[in-house]
>>> print(open('protein.cif').read())   # mmCIF, C-alpha atoms
data_data
loop_
_atom_site.label_atom_id
_atom_site.label_comp_id
_atom_site.auth_asym_id
_atom_site.auth_seq_id
_atom_site.Cartn_x
_atom_site.Cartn_y
_atom_site.Cartn_z
CA MET A 366 -106.84 11.62 40.32
CA ALA A 367 -103.68 10.27 38.67
CA TYR A 368 -103.79 10.75 34.91
CA LYS A 369 -102.31 8.13 32.59
CA ALA A 370 -101.56 8.12 28.89
CA PRO A 371 -104.34 6.47 26.82
CA LYS A 372 -103.94 2.76 26.13
CA GLY A 373 -101.72 2.12 23.13
CA THR A 374 -99.80 5.39 23.50
CA TYR A 375 -96.58 6.17 25.32
CA ASP A 376 -94.17 8.93 26.29
CA VAL A 377 -90.65 9.26 24.90
CA LEU A 378 -88.38 10.19 27.81
CA PRO A 379 -84.95 11.85 27.59
CA ASP A 380 -83.12 8.55 28.10
CA GLU A 381 -84.84 7.23 24.97
CA SER A 382 -85.19 10.28 22.71
CA TYR A 383 -81.51 10.29 21.70
CA ARG A 384 -82.06 6.90 20.02
CA TRP A 385 -84.84 8.43 17.94
CA GLN A 386 -82.57 11.34 17.02
CA TYR A 387 -79.80 8.95 15.99
CA ILE A 388 -82.08 7.04 13.62
CA GLU A 389 -83.57 10.27 12.29
CA GLY A 390 -80.07 11.48 11.46
CA LEU A 391 -79.26 8.25 9.61
CA ILE A 392 -82.49 8.46 7.62
CA ARG A 393 -81.91 12.08 6.59
CA GLY A 394 -78.39 11.24 5.48
CA ILE A 395 -79.52 8.27 3.38
CA VAL A 396 -82.50 9.91 1.65
CA ALA A 397 -80.38 12.95 0.78
CA LYS A 398 -78.20 10.72 -1.41
CA TYR A 399 -81.30 9.71 -3.38
CA GLY A 400 -82.55 13.28 -3.81
CA LEU A 401 -85.69 12.86 -1.69
CA GLN A 402 -87.33 15.95 -0.19
CA GLU A 403 -89.22 16.06 3.10
CA ILE A 404 -92.96 16.71 3.41
CA ARG A 405 -95.19 17.13 6.46
CA THR A 406 -98.91 16.59 6.04
CA PRO A 407 -101.78 17.06 8.55
CA MET A 408 -102.38 14.58 11.32
CA PHE A 409 -105.99 14.14 10.15
CA GLU A 410 -107.75 14.12 6.79
CA HIS A 411 -111.30 13.85 5.50
CA THR A 412 -112.50 10.29 6.02
CA GLU A 413 -113.46 9.96 2.35
CA LEU A 414 -109.79 10.12 1.38
CA PHE A 415 -109.06 6.84 3.16
CA LEU A 416 -112.28 5.15 2.09
CA ARG A 417 -111.34 5.87 -1.51
CA SER A 418 -107.62 5.09 -1.36
CA VAL A 419 -107.08 2.48 1.35
CA GLY A 420 -110.36 0.69 0.54
CA ASP A 421 -113.59 0.29 2.49
CA THR A 422 -113.19 -3.50 2.71
CA THR A 423 -109.75 -3.44 4.34
CA ASP A 424 -109.14 -4.13 8.02
CA VAL A 425 -107.71 -0.62 8.36
CA VAL A 426 -110.99 1.01 7.31
CA GLN A 427 -113.41 -1.52 8.79
CA LYS A 428 -111.75 -2.05 12.18
CA GLU A 429 -108.85 0.28 12.90
CA MET A 430 -109.56 3.90 11.91
CA TYR A 431 -110.08 6.66 14.45
CA SER A 432 -112.91 8.65 12.83
CA PHE A 433 -115.12 11.35 14.29
CA THR A 434 -117.52 14.10 13.24
CA ASP A 435 -116.15 17.58 13.83
CA LYS A 436 -118.16 20.65 14.89
CA GLY A 437 -118.87 21.46 11.25
CA GLY A 438 -120.47 18.07 10.67
CA ARG A 439 -117.54 16.75 8.62
CA SER A 440 -116.25 13.20 9.00
CA ILE A 441 -112.59 13.41 9.96
CA THR A 442 -110.08 10.57 10.43
CA LEU A 443 -106.72 10.50 12.17
CA LYS A 444 -104.24 9.21 9.61
CA PRO A 445 -104.04 5.39 9.59
CA GLU A 446 -101.17 5.48 7.06
CA GLY A 447 -99.04 8.07 5.28
CA THR A 448 -99.40 7.51 1.53
CA ALA A 449 -102.95 8.78 1.02
CA GLY A 450 -102.17 12.13 2.67
CA ALA A 451 -98.94 12.48 0.67
CA VAL A 452 -100.76 11.87 -2.62
CA ARG A 453 -103.60 14.22 -1.63
CA MET A 454 -100.97 16.90 -1.01
CA PHE A 455 -99.26 16.12 -4.35
CA VAL A 456 -102.55 16.61 -6.21
CA GLU A 457 -103.92 19.55 -4.22
CA ARG A 458 -100.67 21.52 -4.36
CA GLY A 459 -100.17 20.89 -8.07
CA LEU A 460 -96.80 19.14 -7.76
CA PHE A 461 -97.73 17.13 -10.86
CA SER A 462 -97.06 20.26 -12.93
CA GLU A 463 -93.37 20.11 -11.99
CA THR A 464 -90.74 17.94 -13.66
CA GLN A 465 -91.24 14.30 -12.72
CA PRO A 466 -90.49 12.15 -10.87
CA THR A 467 -91.31 13.76 -7.52
CA LYS A 468 -89.29 12.06 -4.77
CA LEU A 469 -90.65 12.61 -1.27
CA TYR A 470 -90.23 11.32 2.27
CA TYR A 471 -91.84 11.90 5.63
CA LEU A 472 -90.29 11.21 9.01
CA ASN A 473 -91.96 10.58 12.37
CA CYS A 474 -95.36 10.88 10.71
CA PRO A 475 -97.96 10.13 13.44
CA VAL A 476 -100.22 7.22 12.48
CA PHE A 477 -103.29 6.02 14.38
CA ARG A 478 -104.84 2.56 14.35
CA TYR A 479 -107.23 1.02 16.83
CA GLU A 480 -105.77 -2.41 17.41
CA ARG A 481 -104.44 -4.48 20.28
CA PRO A 482 -101.18 -2.87 21.44
CA GLN A 483 -98.14 -5.15 21.22
CA ALA A 484 -94.38 -4.91 21.00
CA GLY A 485 -93.43 -2.37 18.34
CA ARG A 486 -97.07 -1.60 17.49
CA PHE A 487 -99.10 1.04 19.24
CA ARG A 488 -102.40 2.80 18.63
CA GLN A 489 -100.38 5.92 17.97
CA HIS A 490 -97.11 5.16 16.27
CA HIS A 491 -94.81 6.93 13.85
CA GLN A 492 -93.73 6.15 10.31
CA PHE A 493 -90.84 6.88 8.02
CA GLY A 494 -92.15 6.72 4.49
CA VAL A 495 -90.89 7.21 0.94
CA GLU A 496 -93.09 8.10 -2.04
CA VAL A 497 -91.72 8.35 -5.59
CA ILE A 498 -94.38 9.67 -7.97
CA GLY A 499 -94.15 9.88 -11.77
CA ALA A 500 -91.61 7.08 -12.34
CA PRO A 501 -93.03 4.07 -14.24
CA LYS A 502 -89.85 2.00 -14.57
CA ALA A 503 -88.98 -0.86 -12.25
CA THR A 504 -85.71 0.91 -11.47
CA ALA A 505 -87.80 3.20 -9.23
CA ASP A 506 -89.14 0.16 -7.36
CA ALA A 507 -85.58 -1.09 -6.90
CA GLU A 508 -84.40 2.32 -5.69
CA VAL A 509 -87.18 2.55 -3.11
CA ILE A 510 -86.39 -0.95 -1.86
CA GLY A 511 -82.70 -0.02 -1.82
CA ILE A 512 -83.34 2.92 0.52
CA ALA A 513 -84.99 0.66 3.09
CA VAL A 514 -82.31 -2.03 2.79
CA GLU A 515 -79.52 0.53 3.15
CA LEU A 516 -81.06 1.87 6.34
CA TYR A 517 -81.37 -1.58 7.89
CA ARG A 518 -77.83 -2.50 6.89
CA THR A 519 -76.50 0.77 8.31
CA LEU A 520 -78.23 0.01 11.61
CA GLY A 521 -76.58 -3.42 11.69
CA ALA A 522 -79.34 -5.75 10.48
CA LYS A 523 -78.09 -8.75 8.49
CA ASN A 524 -79.49 -11.55 6.34
CA LEU A 525 -82.10 -9.25 4.82
CA THR A 526 -84.53 -10.68 2.29
CA VAL A 527 -87.04 -8.82 0.17
CA LYS A 528 -90.28 -10.77 -0.28
CA LEU A 529 -91.86 -9.88 -3.61
CA ASN A 530 -95.04 -10.45 -5.55
CA SER A 531 -96.93 -8.87 -8.40
CA ILE A 532 -100.66 -8.46 -7.90
CA GLY A 533 -101.16 -7.23 -11.46
CA CYS A 534 -102.83 -4.15 -12.89
CA GLU A 535 -106.35 -3.26 -14.00
CA LYS A 536 -105.70 -5.14 -17.28
CA CYS A 537 -105.02 -8.51 -15.69
CA ARG A 538 -106.39 -8.42 -12.16
CA ASP A 539 -109.96 -9.32 -13.18
CA ALA A 540 -108.78 -12.63 -14.64
CA TYR A 541 -107.04 -13.50 -11.39
CA GLN A 542 -109.98 -12.46 -9.23
CA HIS A 543 -112.28 -14.72 -11.24
CA ALA A 544 -109.88 -17.64 -10.74
CA LEU A 545 -109.56 -16.85 -7.04
CA LYS A 546 -113.34 -16.70 -6.58
CA ASP A 547 -113.78 -20.02 -8.38
CA PHE A 548 -111.34 -21.55 -5.88
CA LEU A 549 -112.82 -19.85 -2.82
CA GLU A 550 -116.37 -20.76 -3.79
CA LEU A 551 -115.49 -24.41 -3.24
CA HIS A 552 -114.41 -23.55 0.33
CA TYR A 553 -116.86 -20.76 1.09
CA ASP A 554 -118.25 -22.38 4.25
CA GLU A 555 -114.72 -22.62 5.69
CA LEU A 556 -114.12 -18.86 5.47
CA CYS A 557 -114.42 -16.57 8.48
CA GLU A 558 -117.37 -14.16 8.53
CA THR A 559 -115.23 -11.21 7.46
CA CYS A 560 -113.87 -13.09 4.44
CA LYS A 561 -117.36 -14.23 3.48
CA SER A 562 -118.35 -10.58 3.25
CA ARG A 563 -115.27 -9.88 1.11
CA PHE A 564 -115.97 -12.74 -1.27
CA GLU A 565 -118.05 -10.59 -3.61
CA THR A 566 -116.58 -7.15 -2.98
CA ASN A 567 -112.83 -7.77 -2.70
CA PRO A 568 -111.69 -11.41 -2.75
CA LEU A 569 -108.01 -10.40 -2.94
CA ARG A 570 -108.25 -9.24 0.70
CA ILE A 571 -108.96 -12.84 1.73
CA LEU A 572 -105.34 -13.71 0.92
CA ASP A 573 -104.31 -11.25 3.64
CA CYS A 574 -106.60 -12.67 6.34
CA LYS A 575 -104.83 -13.52 9.61
CA VAL A 576 -107.47 -16.00 10.83
CA ASP A 577 -105.78 -19.41 11.01
CA THR A 578 -108.41 -21.30 9.02
CA CYS A 579 -108.41 -18.76 6.18
CA HIS A 580 -104.63 -18.46 6.24
CA ALA A 581 -104.27 -22.23 5.85
CA LEU A 582 -106.96 -22.39 3.18
CA VAL A 583 -105.49 -19.83 0.79
CA LYS A 584 -102.13 -21.61 0.66
CA ASP A 585 -103.63 -23.71 -2.13
CA ALA A 586 -105.22 -20.74 -3.91
CA PRO A 587 -104.16 -19.69 -7.44
CA HIS A 588 -101.07 -17.48 -7.60
CA THR A 589 -101.29 -13.91 -8.87
CA MET A 590 -98.06 -14.27 -10.88
CA ASP A 591 -99.71 -16.97 -13.02
CA TYR A 592 -102.31 -14.46 -14.24
CA ILE A 593 -100.40 -11.21 -14.74
CA CYS A 594 -100.20 -9.65 -18.18
CA ASP A 595 -97.01 -9.29 -20.26
CA GLU A 596 -96.50 -5.69 -19.10
CA CYS A 597 -96.65 -6.66 -15.41
CA LYS A 598 -94.40 -9.66 -16.00
CA SER A 599 -91.86 -7.52 -17.85
CA HIS A 600 -91.95 -5.01 -14.97
CA MET A 601 -91.27 -7.75 -12.40
CA ASP A 602 -88.48 -9.26 -14.50
CA GLU A 603 -86.79 -5.86 -14.71
CA LEU A 604 -87.13 -5.37 -10.96
CA LEU A 605 -85.52 -8.74 -10.26
CA ARG A 606 -82.60 -7.85 -12.55
CA CYS A 607 -82.15 -4.55 -10.72
CA LEU A 608 -82.12 -6.26 -7.32
CA ASP A 609 -79.57 -8.75 -8.62
CA ASP A 610 -77.40 -5.85 -9.79
CA MET A 611 -77.74 -4.21 -6.36
CA GLY A 612 -76.81 -7.38 -4.50
CA ILE A 613 -80.15 -7.47 -2.66
CA ALA A 614 -81.52 -10.93 -1.87
CA TYR A 615 -85.16 -11.54 -2.73
CA GLU A 616 -87.78 -14.25 -2.56
CA LEU A 617 -90.98 -14.50 -4.59
CA ASP A 618 -94.00 -14.91 -2.30
CA PRO A 619 -97.24 -15.68 -4.18
CA MET A 620 -99.37 -15.05 -1.06
CA LEU A 621 -98.08 -11.52 -0.48
CA VAL A 622 -100.76 -8.92 -1.29
CA ARG A 623 -100.37 -6.25 1.46
CA GLY A 624 -103.41 -4.90 3.29
CA LEU A 625 -104.35 -1.78 1.30
CA ASP A 626 -106.39 -1.54 -1.88
CA TYR A 627 -104.30 1.04 -3.73
CA TYR A 628 -101.45 -1.35 -4.56
CA THR A 629 -100.79 -2.45 -8.16
CA LYS A 630 -98.06 -4.57 -9.71
CA THR A 631 -95.17 -4.73 -7.21
CA VAL A 632 -95.78 -5.43 -3.53
CA PHE A 633 -92.92 -6.17 -1.16
CA GLU A 634 -91.93 -6.73 2.44
CA ILE A 635 -88.48 -6.84 4.01
CA VAL A 636 -87.60 -9.44 6.63
CA SER A 637 -84.40 -10.31 8.46
CA GLY A 638 -83.14 -13.84 8.99
CA GLN A 639 -80.77 -12.65 11.69
CA ALA A 640 -81.16 -14.33 15.08
CA GLY A 641 -83.35 -12.18 17.30
CA ALA A 642 -85.13 -10.27 14.53
CA GLN A 643 -88.84 -10.97 14.41
CA GLY A 644 -91.59 -10.17 11.95
CA THR A 645 -91.78 -7.95 8.90
CA LEU A 646 -89.51 -4.90 9.06
CA CYS A 647 -91.34 -2.80 6.47
CA GLY A 648 -93.57 -3.06 3.43
CA GLY A 649 -94.66 -1.18 0.34
CA GLY A 650 -95.21 -1.38 -3.38
CA ARG A 651 -96.63 0.34 -6.44
CA TYR A 652 -99.84 2.37 -6.49
CA ASP A 653 -100.02 3.41 -10.13
CA LYS A 654 -103.68 4.49 -10.08
CA LEU A 655 -103.92 6.31 -6.75
CA VAL A 656 -102.93 9.76 -8.04
CA LYS A 657 -105.68 9.63 -10.66
CA GLU A 658 -108.15 8.14 -8.17
CA ILE A 659 -107.65 11.12 -5.86
CA GLY A 660 -108.23 13.61 -8.67
CA GLY A 661 -104.82 14.12 -10.26
CA PRO A 662 -103.34 13.07 -13.60
CA ASP A 663 -102.64 9.45 -14.46
CA LEU A 664 -99.18 9.11 -12.87
CA PRO A 665 -97.54 5.94 -11.52
CA ALA A 666 -96.01 5.82 -8.05
CA VAL A 667 -94.13 3.54 -5.68
CA GLY A 668 -93.24 3.76 -2.01
CA PHE A 669 -92.99 2.16 1.40
CA GLY A 670 -93.69 2.83 5.06
CA MET A 671 -91.85 1.60 8.11
CA GLY A 672 -92.60 2.09 11.78
CA MET A 673 -90.06 4.05 13.80
CA GLU A 674 -91.00 2.05 16.90
CA ARG A 675 -90.36 -1.14 14.93
CA LEU A 676 -86.89 0.16 14.06
CA LEU A 677 -86.11 0.77 17.72
CA LEU A 678 -87.45 -2.66 18.67
CA LEU A 679 -85.20 -4.23 16.02
CA LEU A 680 -82.16 -2.59 17.60
CA ASP A 681 -83.12 -4.11 20.95
CA GLN A 682 -83.75 -7.53 19.42
CA LEU A 683 -80.34 -7.50 17.74
CA GLY A 684 -78.52 -6.15 20.78
CA ILE A 685 -77.38 -3.03 18.93
CA THR A 686 -76.45 -0.25 21.36
CA ILE A 687 -76.49 3.45 20.54
CA GLU A 688 -74.29 5.45 22.88
CA PRO A 689 -76.01 8.50 24.39
CA PRO A 690 -74.49 11.87 23.44
CA THR A 691 -72.50 13.97 25.89
CA ARG A 692 -74.94 16.24 27.69
CA TYR A 693 -72.45 18.85 28.91
CA ASP A 694 -68.89 19.58 27.79
CA VAL A 695 -68.24 21.55 30.94
CA MET A 696 -70.02 22.35 34.21
CA LEU A 697 -69.06 25.55 36.03
CA ILE A 698 -69.18 25.08 39.82
CA PRO A 699 -69.27 28.32 41.83
CA MET A 700 -68.47 28.95 45.50
CA GLY A 701 -70.32 32.03 46.74
CA GLU A 702 -72.47 34.75 45.17
CA ALA A 703 -69.72 36.55 43.24
CA ALA A 704 -68.51 33.26 41.77
CA ALA A 705 -72.07 32.27 40.89
CA ARG A 706 -72.54 35.46 38.85
CA ARG A 707 -69.23 34.93 37.04
CA ALA A 708 -70.11 31.31 36.36
CA PHE A 709 -73.49 32.30 34.93
CA ILE A 710 -71.91 34.90 32.58
CA LEU A 711 -69.26 32.41 31.43
CA THR A 712 -71.92 29.74 30.84
CA CYS A 713 -73.89 32.08 28.58
CA LYS A 714 -70.77 33.03 26.56
CA LEU A 715 -69.63 29.41 26.26
CA ARG A 716 -72.99 28.47 24.76
CA GLU A 717 -72.59 31.29 22.23
CA LEU A 718 -69.33 29.60 21.19
CA GLY A 719 -71.09 26.26 20.73
CA VAL A 720 -69.95 24.66 23.98
CA LYS A 721 -72.51 22.58 25.91
CA ALA A 722 -72.23 24.22 29.31
CA ASP A 723 -74.22 24.70 32.50
CA THR A 724 -73.90 25.96 36.06
CA ASP A 725 -75.75 25.58 39.37
CA HIS A 726 -79.37 26.80 39.48
CA VAL A 727 -80.35 25.20 42.79
CA GLY A 728 -77.90 26.55 45.36
CA ARG A 729 -76.12 23.27 46.04
CA SER A 730 -72.89 22.89 47.96
CA VAL A 731 -69.69 22.35 45.98
CA LYS A 732 -69.74 18.66 46.88
CA ALA A 733 -73.36 18.32 45.75
CA GLN A 734 -72.58 20.20 42.53
CA MET A 735 -69.75 17.76 41.76
CA LYS A 736 -72.06 14.81 42.32
CA TYR A 737 -74.68 16.40 40.08
CA ALA A 738 -72.13 17.07 37.33
CA ASP A 739 -71.05 13.44 37.35
CA LYS A 740 -74.66 12.19 37.41
CA VAL A 741 -75.73 14.21 34.36
CA GLY A 742 -72.67 13.12 32.39
CA ALA A 743 -70.63 16.32 32.29
CA GLU A 744 -67.20 15.73 30.74
CA ARG A 745 -65.39 18.43 32.75
CA VAL A 746 -65.84 20.89 35.61
CA ILE A 747 -64.31 24.19 36.67
CA VAL A 748 -64.61 25.17 40.31
CA ILE A 749 -64.75 28.96 40.74
CA GLY A 750 -64.09 30.47 44.16
CA ASP A 751 -62.48 33.61 45.56
CA THR A 752 -58.96 32.52 44.55
CA GLU A 753 -60.02 31.87 40.94
CA LEU A 754 -61.79 35.23 40.79
CA GLU A 755 -58.67 37.04 42.06
CA THR A 756 -56.16 35.28 39.78
CA GLY A 757 -58.46 34.92 36.76
CA LEU A 758 -57.36 31.29 36.46
CA GLY A 759 -59.18 28.04 37.04
CA GLN A 760 -58.61 24.29 36.76
CA LEU A 761 -60.45 22.49 33.99
CA LYS A 762 -60.84 19.05 35.55
CA SER A 763 -61.95 15.99 33.62
CA LEU A 764 -64.48 13.63 35.16
CA ARG A 765 -63.42 10.96 32.68
CA GLY A 766 -59.73 10.47 33.53
CA CYS A 767 -57.79 13.25 31.71
CA GLU A 768 -55.26 15.44 33.53
CA PRO A 769 -56.51 18.86 34.79
CA VAL A 770 -55.63 21.91 32.69
CA SER A 771 -55.09 25.47 33.95
CA VAL A 772 -57.20 27.94 31.95
CA LYS A 773 -57.98 31.63 32.00
CA LEU A 774 -61.51 32.33 33.18
CA ASP A 775 -62.82 33.61 29.87
CA ALA A 776 -65.11 31.81 27.47
CA ALA A 777 -62.68 31.65 24.52
CA ASN A 778 -59.91 29.99 26.54
CA ILE A 779 -62.27 27.52 28.21
CA ALA A 780 -63.80 26.64 24.84
CA SER A 781 -60.36 26.15 23.31
CA ALA A 782 -59.17 23.96 26.18
CA THR A 783 -62.37 21.92 25.98
CA ALA A 784 -61.80 21.30 22.25
CA VAL A 785 -58.19 20.21 22.85
CA GLN A 786 -59.29 17.58 25.34
CA GLU A 787 -61.89 16.07 22.97
#
>>> encode(input="protein.cif", output="structure tokens")
Amino acid sequence: MAYKAPKGTYDVLPDESYRWQYIEGLIRGIVAKYGLQEIRTPMFEHTELFLRSVGDTTDVVQKEMYSFTDKGGRSITLKPEGTAGAVRMFVERGLFSETQPTKLYYLNCPVFRYERPQAGRFRQHHQFGVEVIGAPKATADAEVIGIAVELYRTLGAKNLTVKLNSIGCEKCRDAYQHALKDFLELHYDELCETCKSRFETNPLRILDCKVDTCHALVKDAPHTMDYICDECKSHMDELLRCLDDMGIAYELDPMLVRGLDYYTKTVFEIVSGQAGAQGTLCGGGRYDKLVKEIGGPDLPAVGFGMGMERLLLLLDQLGITIEPPTRYDVMLIPMGEAAARRAFILTCKLRELGVKADTDHVGRSVKAQMKYADKVGAERVIVIGDTELETGLGQLKSLRGCEPVSVKLDAANIASATAVQE
């Protein structure tokens, strides 16, 4: 029987993994400038965490979660998103007792959603996420958005626009929901079955419905920004000023609500108008009540999540190439048993000096070793035979066009000559 990876999953092969490593390096460099610290939370959590935070009327909970009962009879769910686990950790580990704000990020966080696999979206995918907890000012929203924009700009994405909306807080959201229900009641029979079930429990989710009839219908619905309180309006005004100061283009989108229940006030998505780029690049917003909802103190928070696979797809769409790293600085090619032993010892010592080196482990001929060295991308080779062993000298030959260099057959001299030719 030939085994295959489950549908919606994939393997990252060596000729692809270096692209992941490149992006990971960029991300770590950017978040370090903002003082963010890395966290790593479990791949699965108690199901109740997501029912309470994400919301039991969302598509994520109703249709997409991978949940199961473990051997202890507990309901467990593979993480469908990163924020709930990060906030659970913040509360459980008592990080709220430290000086605020707490600025966190997670990288390559595995996320699981049962949905139709498509380009850039898989049933197991990985997220880079930022969570800033304990910062109420809109400057924190702007900083979080700025991190995402800086990453995309560094990768080469252009014509970036931040789509923004405010969905209000607990003080003003009721007024909007009443207005929305009054509007939807007139069109109730036109709603899909899922939205009909949400009409009473969570009408705001109807604005996020992807069914064509519902999507067209809500274009004429009341706008959240027309119902927000003075505090929420002041927060949005400050955020817009900050984005202006940062030179980040934005666009107010009254239909933007995001798909998770924990959001309050600011919600945003980032899109690119550059030719070739498709779809939303990332999204996030404020979740000022989630820390308290999960059992912690009443602390505001803001963050975003972006798919690593979506980042890689964007590079392909924009034709941005990342050059693979050099695999070997030097390949030692022996002729005979004595030479093979010397080559092995030199290879070990070169690695101790930080040189990427290798030698033959198969027993190939010299000609086959040369072909192998070229195939795996070695920069240089040294052929070691009886003459080289007697004289203690070898020829460091470039496979990329440089002139050969005579070197002593000791690790320090080979390492030095390799560095000179860089």
>>> residues_around(input="protein.cif", residues="A:Tyr652", least_positions_apart="5", cutoff="6 Å", atoms="only C-alpha atoms", output="PyMOL selection string")
chain A and resi 627-629+666-667
>>> residues_near_point(input="protein.cif", point="(-102.6, 6.1, 15.4)", cutoff="7 Å", atoms="only C-alpha atoms", output="PyMOL selection string")
chain A and resi 443-445+475-478+488-490
>>> residues_around(input="protein.cif", residues="A:Cys647", least_positions_apart="3", cutoff="7 Å", atoms="only C-alpha atoms", output="ChimeraX atom specification")
/A:634-635,670-671
>>> closest_residue(input="protein.cif", among="A:Val396, A:Met696, A:Ala776, A:Val770", to="A:Arg745", atoms="all atoms listed in the file")
A:Met696
>>> resolve_selection(input="protein.cif", expression="the PyMOL selection byres ((chain A and resi 646) around 12)", output="PyMOL selection string")
chain A and resi 485-486+492-493+513-514+516-517+522+525-528+633-639+642-645+647-649+669-680
>>> write_last_selection(input="protein.cif", atoms="C-alpha atoms", output="PDB file, in the coordinates of the input")
ATOM      1  CA  GLY A 485     -93.430  -2.370  18.340  1.00  0.00           C
ATOM      2  CA  ARG A 486     -97.070  -1.600  17.490  1.00  0.00           C
ATOM      3  CA  GLN A 492     -93.730   6.150  10.310  1.00  0.00           C
ATOM      4  CA  PHE A 493     -90.840   6.880   8.020  1.00  0.00           C
ATOM      5  CA  ALA A 513     -84.990   0.660   3.090  1.00  0.00           C
ATOM      6  CA  VAL A 514     -82.310  -2.030   2.790  1.00  0.00           C
ATOM      7  CA  LEU A 516     -81.060   1.870   6.340  1.00  0.00           C
ATOM      8  CA  TYR A 517     -81.370  -1.580   7.890  1.00  0.00           C
ATOM      9  CA  ALA A 522     -79.340  -5.750  10.480  1.00  0.00           C
ATOM     10  CA  LEU A 525     -82.100  -9.250   4.820  1.00  0.00           C
ATOM     11  CA  THR A 526     -84.530 -10.680   2.290  1.00  0.00           C
ATOM     12  CA  VAL A 527     -87.040  -8.820   0.170  1.00  0.00           C
ATOM     13  CA  LYS A 528     -90.280 -10.770  -0.280  1.00  0.00           C
ATOM     14  CA  PHE A 633     -92.920  -6.170  -1.160  1.00  0.00           C
ATOM     15  CA  GLU A 634     -91.930  -6.730   2.440  1.00  0.00           C
ATOM     16  CA  ILE A 635     -88.480  -6.840   4.010  1.00  0.00           C
ATOM     17  CA  VAL A 636     -87.600  -9.440   6.630  1.00  0.00           C
ATOM     18  CA  SER A 637     -84.400 -10.310   8.460  1.00  0.00           C
ATOM     19  CA  GLY A 638     -83.140 -13.840   8.990  1.00  0.00           C
ATOM     20  CA  GLN A 639     -80.770 -12.650  11.690  1.00  0.00           C
ATOM     21  CA  ALA A 642     -85.130 -10.270  14.530  1.00  0.00           C
ATOM     22  CA  GLN A 643     -88.840 -10.970  14.410  1.00  0.00           C
ATOM     23  CA  GLY A 644     -91.590 -10.170  11.950  1.00  0.00           C
ATOM     24  CA  THR A 645     -91.780  -7.950   8.900  1.00  0.00           C
ATOM     25  CA  CYS A 647     -91.340  -2.800   6.470  1.00  0.00           C
ATOM     26  CA  GLY A 648     -93.570  -3.060   3.430  1.00  0.00           C
ATOM     27  CA  GLY A 649     -94.660  -1.180   0.340  1.00  0.00           C
ATOM     28  CA  PHE A 669     -92.990   2.160   1.400  1.00  0.00           C
ATOM     29  CA  GLY A 670     -93.690   2.830   5.060  1.00  0.00           C
ATOM     30  CA  MET A 671     -91.850   1.600   8.110  1.00  0.00           C
ATOM     31  CA  GLY A 672     -92.600   2.090  11.780  1.00  0.00           C
ATOM     32  CA  MET A 673     -90.060   4.050  13.800  1.00  0.00           C
ATOM     33  CA  GLU A 674     -91.000   2.050  16.900  1.00  0.00           C
ATOM     34  CA  ARG A 675     -90.360  -1.140  14.930  1.00  0.00           C
ATOM     35  CA  LEU A 676     -86.890   0.160  14.060  1.00  0.00           C
ATOM     36  CA  LEU A 677     -86.110   0.770  17.720  1.00  0.00           C
ATOM     37  CA  LEU A 678     -87.450  -2.660  18.670  1.00  0.00           C
ATOM     38  CA  LEU A 679     -85.200  -4.230  16.020  1.00  0.00           C
ATOM     39  CA  LEU A 680     -82.160  -2.590  17.600  1.00  0.00           C
TER      40      LEU A 680
END
>>> axis_aligned_box(input="protein.cif", around="stretch 664-671 of chain A", padding_each_side="8 Å", output="AutoDock Vina command-line options")
--center_x -95.5 --center_y 5.4 --center_z -2.4 --size_x 23.3 --size_y 23.5 --size_z 37.0
>>> atom_distance(input="protein.cif", atom1="atom CA of A:Glu446", atom2="atom CA of A:Asp618")
23.6 Å
>>> atom_distance(input="protein.cif", atom1="atom CA of A:Ser562", atom2="atom CA of A:Val576")
14.3 Å
